[in-house]
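Data from work.pdb: PDB, C-alpha atoms
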```
ATOM      1  CA  MET P   1      -6.023 -15.263 -13.942
ATOM      2  CA  ASN P   2      -8.913 -16.731 -11.970
ATOM      3  CA  VAL P   3      -8.980 -14.016  -9.319
ATOM      4  CA  SER P   4     -11.755 -11.431  -9.460
ATOM      5  CA  LYS P   5     -10.586  -7.820  -9.406
ATOM      6  CA  LYS P   6     -13.770  -6.956  -7.520
ATOM      7  CA  ALA P   7     -12.834  -9.454  -4.796
ATOM      8  CA  LEU P   8      -9.272  -8.106  -4.662
ATOM      9  CA  LYS P   9     -10.520  -4.530  -4.342
ATOM     10  CA  SER P  10     -12.944  -5.524  -1.571
ATOM     11  CA  GLU P  11     -10.243  -7.458   0.302
ATOM     12  CA  LEU P  12      -7.765  -4.582   0.006
ATOM     13  CA  THR P  13     -10.386  -2.056   1.143
ATOM     14  CA  ALA P  14     -11.227  -4.182   4.198
ATOM     15  CA  ILE P  15      -7.542  -4.504   5.133
ATOM     16  CA  LEU P  16      -6.958  -0.755   4.748
ATOM     17  CA  GLU P  17     -10.074   0.072   6.793
ATOM     18  CA  LYS P  18      -8.897  -2.237   9.594
ATOM     19  CA  THR P  19      -5.464  -0.577   9.491
ATOM     20  CA  LEU P  20      -7.145   2.828   9.671
ATOM     21  CA  GLU P  21      -9.160   1.774  12.733
ATOM     22  CA  GLY P  22      -5.974   0.674  14.487
ATOM     23  CA  LEU P  23      -4.183   3.914  13.617
ATOM     24  CA  GLU P  24      -7.098   6.011  14.848
ATOM     25  CA  ALA P  25      -7.188   4.111  18.150
ATOM     26  CA  ALA P  26      -3.424   4.534  18.612
ATOM     27  CA  HIS P  27      -3.740   8.235  17.767
ATOM     28  CA  ALA P  28      -6.471   8.706  20.363
ATOM     29  CA  ASP P  29      -4.285   7.000  22.989
ATOM     30  CA  THR P  30      -1.292   9.150  22.061
ATOM     31  CA  ARG P  31      -3.337  12.360  22.222
ATOM     32  CA  GLU P  32      -4.635  11.325  25.628
ATOM     33  CA  ALA P  33      -1.112  10.601  26.858
ATOM     34  CA  ALA P  34       0.126  13.987  25.599
ATOM     35  CA  THR P  35      -2.567  15.886  27.479
ATOM     36  CA  HIS P  36      -2.747  13.719  30.584
ATOM     37  CA  PRO P  37      -1.881  15.546  33.830
ATOM     38  CA  GLU P  38       0.990  13.110  34.460
ATOM     39  CA  ALA P  39       2.597  14.237  31.200
ATOM     40  CA  LYS P  40       3.031  17.734  32.572
ATOM     41  CA  PRO P  41       6.763  18.547  32.567
ATOM     42  CA  GLU P  42       8.445  18.259  35.956
ATOM     43  CA  ASN P  43      11.301  20.532  34.865
ATOM     44  CA  ASP P  44      12.670  22.253  31.778
ATOM     45  CA  LYS P  45      14.411  19.019  30.638
ATOM     46  CA  ASP P  46      11.248  16.878  30.745
ATOM     47  CA  THR P  47       9.955  16.508  27.178
ATOM     48  CA  ARG P  48       7.459  13.639  27.546
ATOM     49  CA  ALA P  49       4.426  15.702  26.551
ATOM     50  CA  LEU P  50       6.292  17.302  23.672
ATOM     51  CA  GLU P  51       7.405  13.911  22.364
ATOM     52  CA  GLN P  52       3.858  12.580  22.647
ATOM     53  CA  SER P  53       2.539  15.570  20.695
ATOM     54  CA  TYR P  54       5.093  14.960  17.923
ATOM     55  CA  LEU P  55       4.034  11.324  17.772
ATOM     56  CA  ALA P  56       0.347  12.306  17.676
ATOM     57  CA  ARG P  57       1.016  14.709  14.790
ATOM     58  CA  GLY P  58       2.834  12.019  12.820
ATOM     59  CA  GLN P  59      -0.004   9.581  13.426
ATOM     60  CA  ALA P  60      -2.555  12.201  12.303
ATOM     61  CA  MET P  61      -0.617  12.721   9.077
ATOM     62  CA  ARG P  62      -0.487   8.950   8.420
ATOM     63  CA  ILE P  63      -4.247   8.709   9.076
ATOM     64  CA  GLU P  64      -4.964  11.464   6.540
ATOM     65  CA  ALA P  65      -2.701   9.808   3.967
ATOM     66  CA  LEU P  66      -4.421   6.452   4.509
ATOM     67  CA  LYS P  67      -7.860   8.062   4.164
ATOM     68  CA  ALA P  68      -6.760   9.592   0.851
ATOM     69  CA  GLY P  69      -5.413   6.207  -0.248
ATOM     70  CA  LEU P  70      -8.663   4.496   0.715
ATOM     71  CA  SER P  71     -10.585   7.056  -1.299
ATOM     72  CA  ALA P  72      -8.317   6.445  -4.307
ATOM     73  CA  VAL P  73      -8.782   2.676  -3.987
ATOM     74  CA  GLY P  74     -12.548   3.216  -3.844
ATOM     75  CA  ALA P  75     -12.432   5.247  -7.060
ATOM     76  CA  MET P  76     -10.231   2.690  -8.833
ATOM     77  CA  SER P  77     -11.764   1.180 -11.974
ATOM     78  CA  LEU P  78     -12.553  -2.512 -12.211
ATOM     79  CA  ALA P  79     -12.912  -2.377 -16.004
ATOM     80  CA  ALA P  80     -10.824  -4.769 -18.067
ATOM     81  CA  THR P  81      -7.657  -3.177 -19.390
ATOM     82  CA  THR P  82      -4.758  -4.059 -21.643
ATOM     83  CA  THR P  83      -2.441  -1.502 -20.053
ATOM     84  CA  ALA P  84      -0.943  -1.648 -16.557
ATOM     85  CA  LYS P  85      -2.585   1.112 -14.500
ATOM     86  CA  ALA P  86      -4.304   1.471 -11.131
ATOM     87  CA  GLY P  87      -6.820  -1.349 -10.792
ATOM     88  CA  ALA P  88      -4.988  -3.707 -13.147
ATOM     89  CA  LEU P  89      -4.192  -7.283 -12.239
ATOM     90  CA  ILE P  90      -0.827  -8.044 -13.815
ATOM     91  CA  GLU P  91       0.761 -11.445 -14.255
ATOM     92  CA  VAL P  92       4.506 -11.528 -14.817
ATOM     93  CA  GLU P  93       7.066 -14.243 -15.338
ATOM     94  CA  ASP P  94      10.629 -13.912 -14.062
ATOM     95  CA  GLU P  95      13.900 -15.315 -15.449
ATOM     96  CA  ASP P  96      13.255 -18.617 -13.640
ATOM     97  CA  ALA P  97       9.814 -19.020 -15.289
ATOM     98  CA  GLN P  98       8.126 -18.293 -11.944
ATOM     99  CA  THR P  99       4.752 -16.587 -12.351
ATOM    100  CA  VAL P 100       3.792 -13.793  -9.954
ATOM    101  CA  ARG P 101       0.596 -11.743  -9.885
ATOM    102  CA  TYR P 102       0.480  -8.097  -8.871
ATOM    103  CA  TYR P 103      -2.507  -5.861  -8.204
ATOM    104  CA  LEU P 104      -1.612  -2.269  -9.039
ATOM    105  CA  ALA P 105      -3.317   0.000  -6.489
ATOM    106  CA  PRO P 106      -2.752   3.509  -5.109
ATOM    107  CA  GLU P 107      -2.439   2.267  -1.499
ATOM    108  CA  GLY P 108      -1.523  -0.915   0.348
ATOM    109  CA  GLY P 109       1.801  -1.761  -1.278
ATOM    110  CA  GLY P 110       3.231  -5.056  -0.048
ATOM    111  CA  THR P 111      -0.150  -6.405   1.058
ATOM    112  CA  LYS P 112      -0.830 -10.014   0.105
ATOM    113  CA  LEU P 113      -4.330 -10.745  -1.202
ATOM    114  CA  ALA P 114      -6.318 -13.810  -2.296
ATOM    115  CA  LYS P 115      -4.604 -16.187   0.107
ATOM    116  CA  ASN P 116      -1.161 -14.776  -0.748
ATOM    117  CA  SER P 117      -1.535 -15.406  -4.480
ATOM    118  CA  VAL P 118      -1.559 -11.680  -5.385
ATOM    119  CA  GLN P 119       0.691  -8.911  -4.081
ATOM    120  CA  VAL P 120      -0.313  -5.258  -4.105
ATOM    121  CA  VAL P 121       2.160  -2.829  -5.666
ATOM    122  CA  THR P 122       1.750   0.941  -5.853
ATOM    123  CA  PRO P 123       2.739   3.247  -8.702
ATOM    124  CA  VAL P 124       5.273   4.973  -6.427
ATOM    125  CA  SER P 125       7.171   1.753  -5.682
ATOM    126  CA  PRO P 126      10.053   0.821  -7.999
ATOM    127  CA  LEU P 127       8.215  -2.261  -9.275
ATOM    128  CA  GLY P 128       4.882  -0.476  -9.646
ATOM    129  CA  ALA P 129       6.504   2.424 -11.491
ATOM    130  CA  ALA P 130       8.269  -0.008 -13.824
ATOM    131  CA  LEU P 131       4.998  -1.824 -14.564
ATOM    132  CA  MET P 132       2.931   1.328 -15.235
ATOM    133  CA  GLY P 133       1.897   1.563 -18.871
ATOM    134  CA  LYS P 134       3.198  -1.881 -19.802
ATOM    135  CA  ARG P 135       1.206  -4.261 -21.982
ATOM    136  CA  GLU P 136       1.131  -8.022 -22.397
ATOM    137  CA  GLY P 137       4.389  -9.147 -24.014
ATOM    138  CA  ASP P 138       6.422  -6.213 -22.654
ATOM    139  CA  GLU P 139       9.525  -6.780 -20.571
ATOM    140  CA  VAL P 140      10.405  -4.869 -17.430
ATOM    141  CA  GLU P 141      14.011  -4.437 -16.326
ATOM    142  CA  LEU P 142      14.655  -3.192 -12.820
ATOM    143  CA  THR P 143      16.996  -3.560  -9.894
ATOM    144  CA  LEU P 144      15.482  -4.814  -6.649
ATOM    145  CA  ALA P 145      17.561  -5.364  -3.524
ATOM    146  CA  GLY P 146      20.706  -4.798  -5.579
ATOM    147  CA  LYS P 147      19.819  -7.534  -8.059
ATOM    148  CA  LYS P 148      18.936  -6.839 -11.686
ATOM    149  CA  ARG P 149      15.719  -8.557 -12.710
ATOM    150  CA  VAL P 150      13.875  -8.962 -15.973
ATOM    151  CA  LEU P 151      10.156  -9.640 -15.811
ATOM    152  CA  SER P 152       7.935 -10.503 -18.771
ATOM    153  CA  VAL P 153       4.335  -9.326 -18.660
ATOM    154  CA  VAL P 154       2.250 -12.374 -19.588
ATOM    155  CA  GLY P 155      -1.219 -11.053 -18.787
ATOM    156  CA  ILE P 156      -3.151  -7.952 -17.758
ATOM    157  CA  THR P 157      -6.822  -7.711 -16.819
TER     158      THR P 157
END
```
Entire entry expressed as structure tokens:
Amino acid sequence: MNVSKKALKSELTAILEKTLEGLEAAHADTREAATHPEAKPENDKDTRALEQSYLARGQAMRIEALKAGLSAVGAMSLAATTTAKAGALIEVEDEDAQTVRYYLAPEGGGTKLAKNSVQVVTPVSPLGAALMGKREGDEVELTLAGKKRVLSVVGIT
């Protein structure tokens, strides 16, 4: 596995920070729209401002969750490990002898890193949960998209 965990962590952090900036900008726009004079209800059936406030609240909750995730990524260890846990770079082989690399992180599931050669999985995802605690040589059986898959762990750093 020629990919540096430090580089992966830095790349993931940068992506999450950029996502956070975009969410904060969208939240500011939504808050402004909810309190703008034109959002004032014209009658008792007009719910534009109310809908905007619901959207703003949802965005605020997502921002707080992302901030917590960013903090958890920042605290993630880069130390070498033999067990799949947060911060581990895991290489698996599927039934077709295809090798895939996963970076187990508390936030950013589905993100592609290192020029798409590594995919982030989180411990709360089905794949991430199945990988947690595994060691080199272990097999993982899980069902993804209705298809049963068996993955062999061939390396963990």
At what distance in Å, to one decimal, does atom CA of Val150 of chain P lie from atom CA of Lys6 of chain P?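 Going from atom CA of Lys6 of chain P over to atom CA of Val150 of chain P covers 29.0 Å.
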Which residue of P:Leu142, P:Leu113, P:Ala49, P:Val121 approaches Lys5 of chain P most closely, using only C-alpha atoms: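 Residue with the minimum atom-to-atom distance to Lys5 of chain P: P:Leu113.
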Taking all atoms listed in the file into account, which of P:Glu95, P:Thr83, P:Ser117, P:Val124 comes nearest Glu136 of chain P?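 Using all atoms listed in the file, the shortest distance to Glu136 of chain P belongs to P:Thr83.
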Please provide the set of residues having any atom within 10 Å of Ser53 of chain P, restricted to only C-alpha atoms, with same-chain residues fewer than 5 positions apart removed, written as a list of chain:residue names. P:Thr30, P:Arg31, P:Glu32, P:Ala33, P:Ala34, P:Thr35, P:Thr47, P:Arg48, P:Gly58, P:Gln59
Return as CSV the residues of segment 60-143 of chain P lying at most 9 Å from segment 21-25 of chain P, together with the closest atom-to-atom pair for each and the distance in Å to one decimal, counting only C-alpha atoms, with rows in chain order and ascending residue number.
```
residue,atom,partner,partner_atom,distance
P:Ala60,CA,P:Glu24,CA,8.1
P:Arg62,CA,P:Leu23,CA,8.1
P:Ile63,CA,P:Leu23,CA,6.6
```
